[in-house]
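Text of start08.cif, listed as mmCIF, C-alpha atoms and all ligand atoms:
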data_start
#
loop_
_atom_site.label_atom_id
_atom_site.label_comp_id
_atom_site.auth_asym_id
_atom_site.auth_seq_id
_atom_site.Cartn_x
_atom_site.Cartn_y
_atom_site.Cartn_z
CA MET A 15 33.20 -23.11 51.97
CA ARG A 16 33.42 -26.65 50.63
CA LEU A 17 36.41 -27.47 48.48
CA ASP A 18 34.24 -28.61 45.54
CA LYS A 19 32.28 -25.33 45.61
CA PHE A 20 35.49 -23.30 45.76
CA LEU A 21 36.75 -25.12 42.66
CA ALA A 22 33.41 -24.97 40.83
CA ASP A 23 33.22 -21.22 41.56
CA SER A 24 36.56 -20.94 39.83
CA ALA A 25 35.04 -22.38 36.61
CA LEU A 26 37.24 -25.46 36.56
CA GLY A 27 34.50 -27.89 35.61
CA SER A 28 31.18 -29.31 36.68
CA ARG A 29 30.72 -30.33 40.33
CA SER A 30 30.86 -34.04 39.40
CA GLU A 31 34.05 -33.65 37.34
CA ILE A 32 35.62 -31.72 40.19
CA LYS A 33 34.59 -34.30 42.79
CA ASN A 34 36.22 -36.98 40.65
CA VAL A 35 39.49 -35.08 40.42
CA ILE A 36 39.44 -34.49 44.20
CA LYS A 37 38.82 -38.20 44.85
CA LYS A 38 41.75 -39.12 42.60
CA GLY A 39 44.13 -36.87 44.54
CA GLY A 40 44.34 -34.10 41.94
CA VAL A 41 43.77 -31.29 44.44
CA THR A 42 46.05 -29.85 47.10
CA VAL A 43 45.25 -27.35 49.84
CA ASN A 44 48.28 -25.64 51.37
CA SER A 45 50.47 -28.33 49.77
CA ALA A 46 48.55 -31.30 51.25
CA VAL A 47 46.55 -33.61 48.96
CA ILE A 48 42.88 -33.44 50.00
CA LYS A 49 40.53 -36.19 48.83
CA ASP A 50 37.41 -34.96 50.66
CA SER A 51 35.11 -32.71 48.57
CA ALA A 52 33.52 -31.33 51.76
CA PHE A 53 36.87 -30.15 53.16
CA LYS A 54 36.50 -26.52 54.23
CA VAL A 55 38.65 -23.87 52.54
CA THR A 56 38.73 -20.07 52.46
CA GLU A 57 39.93 -17.59 49.84
CA ASN A 58 43.20 -17.33 51.78
CA ASP A 59 44.09 -20.99 51.30
CA SER A 60 46.52 -21.92 48.59
CA VAL A 61 44.78 -24.45 46.34
CA THR A 62 46.03 -26.30 43.27
CA TYR A 63 43.90 -28.23 40.76
CA MET A 64 45.70 -30.77 38.61
CA GLY A 65 48.98 -29.05 39.38
CA GLN A 66 47.79 -25.50 38.59
CA PRO A 67 47.19 -22.77 41.19
CA VAL A 68 43.53 -21.81 41.55
CA PHE A 69 42.35 -18.22 41.77
CA TYR A 70 38.93 -17.99 43.37
CA THR A 71 36.51 -16.24 41.03
CA PRO A 72 32.97 -15.98 42.41
CA PHE A 73 31.92 -13.47 39.76
CA ILE A 74 31.86 -14.27 36.08
CA TYR A 75 31.78 -11.73 33.24
CA LEU A 76 31.44 -13.06 29.71
CA MET A 77 31.39 -10.98 26.56
CA MET A 78 29.22 -12.62 23.92
CA ASN A 79 28.75 -11.75 20.29
CA LYS A 80 25.05 -12.54 20.34
CA PRO A 81 23.78 -14.24 17.20
CA SER A 82 20.42 -13.53 15.61
CA GLY A 83 17.61 -15.96 16.43
CA VAL A 84 18.30 -16.39 20.14
CA ILE A 85 16.64 -14.46 22.93
CA SER A 86 18.34 -12.55 25.75
CA ALA A 87 16.81 -14.58 28.55
CA THR A 88 17.88 -17.29 30.95
CA GLU A 89 15.15 -19.71 29.89
CA ASP A 90 12.26 -19.93 27.48
CA LYS A 91 9.75 -22.66 26.63
CA THR A 92 10.01 -22.35 22.86
CA LYS A 93 12.96 -20.21 21.82
CA LYS A 94 16.67 -20.78 22.14
CA THR A 95 18.28 -18.53 24.77
CA VAL A 96 21.73 -16.94 24.97
CA LEU A 97 22.39 -19.01 28.09
CA SER A 98 21.95 -22.23 26.14
CA LEU A 99 25.12 -21.23 24.24
CA ILE A 100 27.23 -21.16 27.42
CA ASP A 101 29.43 -24.13 28.36
CA LYS A 102 28.14 -26.34 31.16
CA LYS A 103 31.17 -25.58 33.31
CA TYR A 104 29.40 -22.29 34.08
CA ALA A 105 26.07 -24.01 34.82
CA HIS A 106 26.07 -23.51 38.60
CA TYR A 107 26.77 -19.78 38.38
CA ASP A 108 23.22 -18.39 37.92
CA LEU A 109 24.33 -16.38 34.93
CA PHE A 110 21.99 -13.92 33.25
CA PRO A 111 22.24 -11.48 30.35
CA VAL A 112 22.93 -7.92 31.50
CA GLY A 113 20.14 -6.19 29.61
CA ARG A 114 18.31 -7.26 26.51
CA LEU A 115 18.90 -7.31 22.81
CA ASP A 116 16.04 -8.15 20.45
CA ILE A 117 15.96 -11.65 18.96
CA ASP A 118 17.22 -10.32 15.61
CA THR A 119 19.86 -7.98 17.10
CA VAL A 120 23.45 -9.22 17.09
CA GLY A 121 26.57 -8.08 18.90
CA LEU A 122 27.85 -7.25 22.34
CA LEU A 123 25.97 -8.82 25.22
CA LEU A 124 27.45 -9.09 28.69
CA ILE A 125 26.57 -12.22 30.62
CA SER A 126 27.28 -12.29 34.33
CA ASN A 127 26.15 -13.34 37.80
CA ASP A 128 27.05 -9.97 39.36
CA GLY A 129 23.65 -8.49 40.24
CA GLU A 130 25.06 -5.29 41.72
CA MET A 131 27.08 -4.52 38.59
CA ALA A 132 24.09 -5.35 36.37
CA HIS A 133 21.80 -3.08 38.37
CA LYS A 134 24.25 -0.20 38.04
CA ALA A 135 24.89 -0.86 34.33
CA LEU A 136 21.16 -0.91 33.54
CA SER A 137 19.96 1.86 35.85
CA PRO A 138 18.65 4.82 33.83
CA LYS A 139 20.51 7.04 36.30
CA SER A 140 23.87 5.60 35.23
CA HIS A 141 23.49 6.81 31.61
CA VAL A 142 25.72 4.01 30.35
CA GLU A 143 26.39 4.68 26.66
CA LYS A 144 25.58 1.98 24.12
CA THR A 145 26.65 2.20 20.50
CA TYR A 146 24.80 0.36 17.75
CA TYR A 147 25.81 -0.15 14.14
CA VAL A 148 22.61 0.26 12.13
CA GLU A 149 21.63 -0.43 8.53
CA THR A 150 18.36 0.98 7.27
CA GLU A 151 15.87 0.64 4.45
CA LYS A 152 15.97 4.31 3.44
CA GLU A 153 18.65 6.98 3.42
CA ILE A 154 19.90 8.35 6.75
CA THR A 155 20.04 12.14 6.65
CA GLU A 156 21.61 15.09 8.40
CA GLU A 157 18.06 15.92 9.61
CA ASP A 158 17.97 12.55 11.38
CA ARG A 159 21.24 13.46 13.10
CA THR A 160 19.79 16.76 14.32
CA ALA A 161 16.52 15.12 15.42
CA PHE A 162 18.34 12.43 17.42
CA THR A 163 20.52 15.08 19.06
CA GLU A 164 17.40 16.94 20.14
CA GLY A 165 15.41 13.80 21.05
CA VAL A 166 12.51 12.16 19.23
CA TYR A 167 9.13 10.89 20.43
CA ILE A 168 8.82 7.10 20.43
CA ALA A 169 6.06 4.66 21.40
CA GLY A 170 4.08 5.75 24.42
CA GLY A 171 4.93 9.39 23.72
CA THR A 172 8.25 9.42 25.57
CA LYS A 173 11.03 11.65 24.31
CA THR A 174 14.47 10.15 23.91
CA LEU A 175 17.53 11.74 25.51
CA PRO A 176 20.12 13.33 23.21
CA ALA A 177 21.77 10.64 21.09
CA GLU A 178 24.72 10.82 18.73
CA LEU A 179 24.33 9.68 15.14
CA ASN A 180 27.48 9.13 13.16
CA ILE A 181 26.49 8.60 9.51
CA LEU A 182 28.77 6.08 7.79
CA SER A 183 27.08 5.75 4.39
CA SER A 184 23.71 6.55 2.86
CA LYS A 185 22.05 3.65 4.69
CA SER A 186 24.37 2.88 7.62
CA ALA A 187 25.35 4.67 10.79
CA ASN A 188 26.56 4.28 14.35
CA LEU A 189 24.06 5.47 16.93
CA THR A 190 25.06 6.08 20.55
CA ILE A 191 22.30 6.23 23.14
CA CYS A 192 22.53 6.48 26.92
CA GLU A 193 19.20 4.86 27.84
CA GLY A 194 17.72 1.49 27.05
CA LYS A 195 14.05 1.77 26.24
CA PHE A 196 12.36 -1.25 24.68
CA HIS A 197 13.23 -1.44 20.93
CA GLN A 198 14.71 2.04 21.28
CA VAL A 199 16.93 2.15 18.21
CA LYS A 200 14.30 0.64 15.91
CA LEU A 201 11.68 3.04 17.27
CA MET A 202 13.94 6.05 16.88
CA PHE A 203 14.42 5.31 13.18
CA GLU A 204 10.72 4.53 12.85
CA SER A 205 9.94 7.97 14.26
CA ARG A 206 11.93 9.34 11.31
CA GLY A 207 9.96 7.28 8.76
CA ASN A 208 12.81 4.83 8.28
CA LYS A 209 13.24 1.15 9.17
CA VAL A 210 16.19 -0.70 10.73
CA THR A 211 17.16 -3.72 8.63
CA TYR A 212 20.26 -4.77 10.61
CA LEU A 213 21.24 -3.94 14.18
CA LYS A 214 24.48 -4.78 15.93
CA ARG A 215 25.61 -3.49 19.33
CA ILE A 216 29.29 -2.64 19.24
CA ARG A 217 29.78 -0.88 22.58
CA PHE A 218 28.34 -1.14 26.09
CA GLY A 219 29.85 1.49 28.42
CA ASN A 220 33.62 1.00 28.31
CA LEU A 221 33.28 -2.43 26.69
CA THR A 222 33.86 -2.70 22.96
CA LEU A 223 32.80 -5.79 21.03
CA ASP A 224 35.75 -8.08 20.38
CA GLU A 225 35.38 -8.46 16.62
CA SER A 226 37.38 -11.71 16.72
CA LEU A 227 34.37 -13.35 18.40
CA LYS A 228 32.15 -14.99 15.81
CA GLU A 229 28.39 -14.73 16.36
CA GLY A 230 27.48 -17.13 19.16
CA GLU A 231 31.00 -17.10 20.63
CA TYR A 232 31.95 -15.57 23.97
CA ARG A 233 34.96 -15.09 26.20
CA PRO A 234 35.64 -13.92 29.76
CA LEU A 235 36.41 -10.21 30.13
CA LYS A 236 40.10 -9.40 30.47
CA PRO A 237 41.26 -7.86 33.78
CA ASP A 238 41.32 -4.37 32.25
CA GLU A 239 37.82 -4.64 30.71
CA SER A 240 34.63 -3.51 32.44
CA VAL A 241 31.43 -1.60 31.74
CA PHE A 242 32.48 1.36 33.92
N1 LIG N 301 17.30 -1.07 20.29
C1 LIG N 301 16.52 -1.91 19.59
O1 LIG N 301 15.60 -1.49 18.89
N2 LIG N 301 16.75 -3.21 19.68
C2 LIG N 301 17.78 -3.74 20.40
O2 LIG N 301 17.96 -4.95 20.42
C3 LIG N 301 18.59 -2.87 21.13
C4 LIG N 301 18.32 -1.52 21.05
#

So, in terms of structure tokens, how does the structure I just supplied come out?
Ligand code: URA
Amino acid sequence: MRLDKFLADSALGSRSEIKNVIKKGGVTVNSAVIKDSAFKVTENDSVTYMGQPVFYTPFIYLMMNKPSGVISATEDKTKKTVLSLIDKKYAHYDLFPVGRLDIDTVGLLLISNDGEMAHKALSPKSHVEKTYYVETEKEITEEDRTAFTEGVYIAGGTKTLPAELNILSSKSANLTICEGKFHQVKLMFESRGNKVTYLKRIRFGNLTLDESLKEGEYRPLKPDESVF
């Protein structure tokens, strides 16, 4: 592939910034300075960018603490999207949110360009567990816990799979579900005559929200972090 694509795929900057650095002699391939952006390289070549070795990274995985008021979409005519919060150095990656959180839901949202991983993470067959911290209008009861374990009927008459409710206080709990029906958590509490007033996702499969991320902030996953 072209040298500028190789470097852009490694999230080193925008294509134009990268081309500039190449032109100025800031890039070496196998120890030789290369000033041609179209120079062909492979993953086996040893490339440096402004003196630093480059590790080719075609797939990007970002953990975001989604803020309220933005939608989990790549683009929208009227509303601000989660992708508008991502630095332009990732612009050429075709990133998308892996799954959806409601506009007023905050917390863990994975943003990636890895379609295969996303498909697996979102497939109902995978039963990926998601944990939500929930605050409600009315008291959460032991009966709610039993009902969620057994499954409740939500919009459209579908029954939810067994879910685990861990009551934290009279009006707060952690709820773990292994499916992702539209507005599922809100509808589950609605089916119990209650109303969700605050919803935050804190776990997605093996990923746990990094609480040091402020709402709207994100960071790449660490090598030992993944959904599965
Ligand atoms: N369940 C909901 O009701 N909303 C979300 O955003 C996620 C799960």

Task: Site check for ligand LIG 301 (chain N): residues at most 10 Å away, only C-alpha atoms and all ligand atoms, as an MDAnalysis selection string - done: chainID A and resid 85:86 113:121 144:146 148 189 191 193:204 210 212:215

Task: Pick from A:Glu143, A:Ala46, A:Met15, A:Thr150, whichever lies nearest to Ala177 (chain A) using only C-alpha atoms - done: A:Glu143

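Across the model, the gap from CA of Met64 (chain A) to CA of Thr42 (chain A) is 8.5 Å.
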
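Shell of Lys102 (chain A) at 12 Å, with all atoms listed in the file counted and residues fewer than 4 places along the chain excluded, is Ala22, Ala25, Leu26, Gly27, Ser28, Arg29, Ser30, Glu31, Leu97, Ser98, His106, Tyr107, Asp108 and Leu109 of chain A.
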
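CA of Gly40 (chain A) to CA of Val61 (chain A) spans 10.6 Å [interatomic distance, one decimal].
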
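With CA of Val41 (chain A) on one side and CA of Val68 (chain A) on the other, the separation reads 9.9 Å.
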
For region 217-231 of chain A, take all atoms listed in the file, fit an axis-aligned box around them, add 4 Å to each of the six sides, then output centre and edge lengths in Å rounded to one decimal, as lines of an AutoDock Vina configuration file.
center_x = 32.4
center_y = -7.8
center_z = 22.1
size_x = 17.9
size_y = 26.6
size_z = 20.6

Open item on the list: Please determine, counting all atoms listed in the file, which residue among A:Thr222, A:Ile48, A:Ile74, A:Ile36 has the shortest atom-to-atom distance to Asp23 (chain A).
Closed with: A:Ile74

TODO: Select, from A:Val47, A:Ala169, A:Leu182, A:Leu235, the residue with the minimum atom-to-atom distance to Glu156 (chain A), counting all atoms listed in the file.
DONE: A:Leu182

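The nearest approach to Thr71 (chain A) among the residues A:Phe20, A:Phe53, A:Phe218, A:Tyr104, with only C-alpha atoms taken into account, belongs to A:Phe20.
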
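Proximity to Tyr147 (chain A) was assessed for A:Glu178, A:Asp238, A:Asp50, A:Asp101 counting only C-alpha atoms; the smallest distance is recorded for A:Glu178.
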
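Shortest separation to Met131 (chain A) among A:Phe73, A:Tyr232, A:Phe162, A:Gly83 occurs at residue A:Phe73, atoms counted being all atoms listed in the file.
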
Open item on the list: Give me, as a ChimeraX atom specification, all polymer residues having an atom no more than 9 Å from Asp224 (chain A), counting only C-alpha atoms and skipping those fewer than 5 positions away in the same chain.
Closed with: /A:77-79,122,216
